[in-house]
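Colleague: Starting off with a structure, shown below.
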Amino acid sequence: MISSSSTPAPHAASPALLLARGLFHLAAIVIVTVWGFLAWPLPFPGIFTGLGLFVLAVLLWALFLSPKPVLRVDRFAQALFELCLIAAAVAALLALGVFWVWPAAFGVAAATVGFIVSSRRA
């Protein structure tokens, strides 16, 4: 006899949500890198800081947030790293002098999409 389970299987995240999450991550990396270049005077402190922050952000993304991460962690640690990346981008936007509504909207939207995608994966 075949019995059906009463608990539904978790739904996979839609490709549109995965694309939106990837675009938010890409935007966060670009924003942090641009801030690194513009926060200090060029050529030497600005170039080293911009390149260093770019490498750090991409390394964080590749180790923990990519579709096939190098280091597998539980979803809570993954959410922590994602929130750190988003918070860095929001702080960089605020430091660049962008009106506070746009960084707040970016942070809320990115965190919401990240939460929805991670809850559908679990």
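Identifiers in this document derive from the order of the structure tokens: chains are assigned A, B, ..., residues are numbered from 1 separately in each chain, and ligands are numbered from 1 in order of occurrence.
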List as a Markdown table every residue of segment 9-32 of chain A that is in contact with segment 66-88 of chain A, defined as an atom at most 9 Å from one of its atoms (using only C-alpha atoms), together with the nearest atom pair and the distance in Å rounded to one decimal, sorted by chain and then rising number.
Modeller:
```
| residue | atom | partner | partner_atom | distance |
| --- | --- | --- | --- | --- |
| A:Gly22 | CA | A:Ser66 | CA | 8.6 |
| A:Phe24 | CA | A:Ile86 | CA | 8.3 |
| A:His25 | CA | A:Ile86 | CA | 7.7 |
| A:Ala28 | CA | A:Ile86 | CA | 6.2 |
| A:Ile29 | CA | A:Leu85 | CA | 7.8 |
| A:Ile31 | CA | A:Ala88 | CA | 8.7 |
| A:Val32 | CA | A:Ala88 | CA | 6.7 |
```
Colleague: Could you pull out the residues in segment 1-119 of chain A that DSSP calls alpha helix (DSSP H) from the backbone, as a VMD selection string?
Modeller: chain A and resid 15 to 39 44 to 60 75 to 95 101 to 119
Colleague: Could I get the residues of segment 12-72 of chain A with an atom no further than 8 Å from an atom of segment 106-113 of chain A, each paired with its nearest atom pair and that distance in Å to one decimal, using only C-alpha atoms, sorted by chain and residue number, as a tab-separated table?
Modeller:
```
residue	atom	partner	partner_atom	distance
A:Leu17	CA	A:Val113	CA	6.8
A:Ala20	CA	A:Val113	CA	7.2
A:Arg21	CA	A:Val113	CA	6.1
A:Phe24	CA	A:Ala110	CA	5.9
```
Colleague: Restricting the output to N, CA, C and O atoms, write the selected residues as a compact mmCIF listing (two decimals), in the first residue's frame.
Modeller:
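Result saved to out.txt:
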```txt
# COMPACT_ATOMS: atom_id res chain seq x y z
N LEU A 17 13.32 34.64 -8.48
CA LEU A 17 13.82 35.01 -7.16
C LEU A 17 15.33 34.78 -7.04
O LEU A 17 16.05 35.58 -6.44
N ALA A 20 16.95 37.61 -8.86
CA ALA A 20 16.89 38.84 -8.08
C ALA A 20 17.91 38.81 -6.94
O ALA A 20 18.60 39.81 -6.69
N ARG A 21 18.03 37.67 -6.29
CA ARG A 21 19.02 37.54 -5.20
C ARG A 21 20.44 37.71 -5.73
O ARG A 21 21.27 38.39 -5.13
N PHE A 24 21.05 41.37 -6.44
CA PHE A 24 21.28 42.12 -5.21
C PHE A 24 22.70 41.88 -4.69
O PHE A 24 23.37 42.81 -4.24
```
Colleague: Skipping near chain neighbours, those fewer than 3 positions away, what residues fall within 12 Å of Leu51 of chain A using only C-alpha atoms, listed as a compact mmCIF listing (two decimals) with N, CA, C and O atoms, in the first residue's frame?
Modeller:
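Heads up, here's the output in around_38.txt:
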```
# COMPACT_ATOMS: atom_id res chain seq x y z
N ILE A 29 28.27 43.97 -4.07
CA ILE A 29 29.72 43.89 -4.31
C ILE A 29 30.20 45.12 -5.06
O ILE A 29 31.23 45.71 -4.73
N VAL A 30 29.45 45.56 -6.07
CA VAL A 30 29.83 46.75 -6.84
C VAL A 30 29.79 47.99 -5.96
O VAL A 30 30.70 48.84 -6.01
N VAL A 32 30.14 48.26 -2.65
CA VAL A 32 31.24 48.25 -1.69
C VAL A 32 32.55 48.57 -2.39
O VAL A 32 33.40 49.30 -1.85
N THR A 33 32.74 48.05 -3.59
CA THR A 33 33.97 48.32 -4.35
C THR A 33 34.07 49.79 -4.73
O THR A 33 35.14 50.41 -4.58
N VAL A 34 32.99 50.36 -5.22
CA VAL A 34 33.00 51.78 -5.60
C VAL A 34 33.28 52.65 -4.38
O VAL A 34 34.05 53.61 -4.46
N TRP A 35 32.67 52.31 -3.26
CA TRP A 35 32.94 53.06 -2.03
C TRP A 35 34.42 52.95 -1.65
O TRP A 35 35.02 53.94 -1.22
N GLY A 36 35.00 51.78 -1.81
CA GLY A 36 36.41 51.60 -1.49
C GLY A 36 37.31 52.47 -2.36
O GLY A 36 38.31 53.00 -1.88
N PHE A 37 36.95 52.64 -3.62
CA PHE A 37 37.74 53.50 -4.50
C PHE A 37 37.55 54.97 -4.19
O PHE A 37 38.48 55.76 -4.28
N LEU A 38 36.34 55.38 -3.83
CA LEU A 38 36.04 56.80 -3.66
C LEU A 38 36.22 57.31 -2.24
O LEU A 38 36.26 58.53 -2.03
N PRO A 43 45.95 58.04 -5.84
CA PRO A 43 45.96 56.71 -6.40
C PRO A 43 46.16 55.61 -5.37
O PRO A 43 45.54 54.57 -5.47
N PHE A 44 47.05 55.80 -4.36
CA PHE A 44 47.44 54.62 -3.59
C PHE A 44 46.45 54.16 -2.53
O PHE A 44 46.06 53.02 -2.57
N PRO A 45 46.01 54.93 -1.59
CA PRO A 45 45.07 54.32 -0.63
C PRO A 45 43.76 53.90 -1.29
O PRO A 45 43.20 52.86 -0.96
N GLY A 46 43.28 54.69 -2.24
CA GLY A 46 42.01 54.38 -2.88
C GLY A 46 42.04 53.12 -3.72
O GLY A 46 41.12 52.30 -3.66
N ILE A 47 43.08 52.95 -4.50
CA ILE A 47 43.19 51.77 -5.36
C ILE A 47 43.35 50.51 -4.51
O ILE A 47 42.67 49.50 -4.75
N PHE A 48 44.23 50.57 -3.50
CA PHE A 48 44.43 49.38 -2.65
C PHE A 48 43.16 49.04 -1.87
O PHE A 48 42.81 47.87 -1.73
N PHE A 54 36.98 44.66 -2.93
CA PHE A 54 36.41 43.84 -3.98
C PHE A 54 36.78 42.37 -3.77
O PHE A 54 35.92 41.48 -3.83
N VAL A 55 38.06 42.11 -3.50
CA VAL A 55 38.51 40.73 -3.27
C VAL A 55 37.83 40.15 -2.04
O VAL A 55 37.37 38.99 -2.05
N LEU A 56 37.71 40.93 -0.97
CA LEU A 56 37.07 40.45 0.24
C LEU A 56 35.59 40.13 0.02
O LEU A 56 35.09 39.10 0.47
N ALA A 57 34.89 41.00 -0.70
CA ALA A 57 33.46 40.78 -0.95
C ALA A 57 33.24 39.56 -1.85
O ALA A 57 32.34 38.75 -1.60
N VAL A 58 34.03 39.41 -2.89
CA VAL A 58 33.89 38.26 -3.78
C VAL A 58 34.27 36.98 -3.06
O VAL A 58 33.63 35.93 -3.23
```
Colleague: Quick check, in Å to one decimal: how far apart do atom CA of Gly97 of chain A and atom CA of Leu26 of chain A lie?
Modeller: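 Distance between the two atoms: 20.4 Å.
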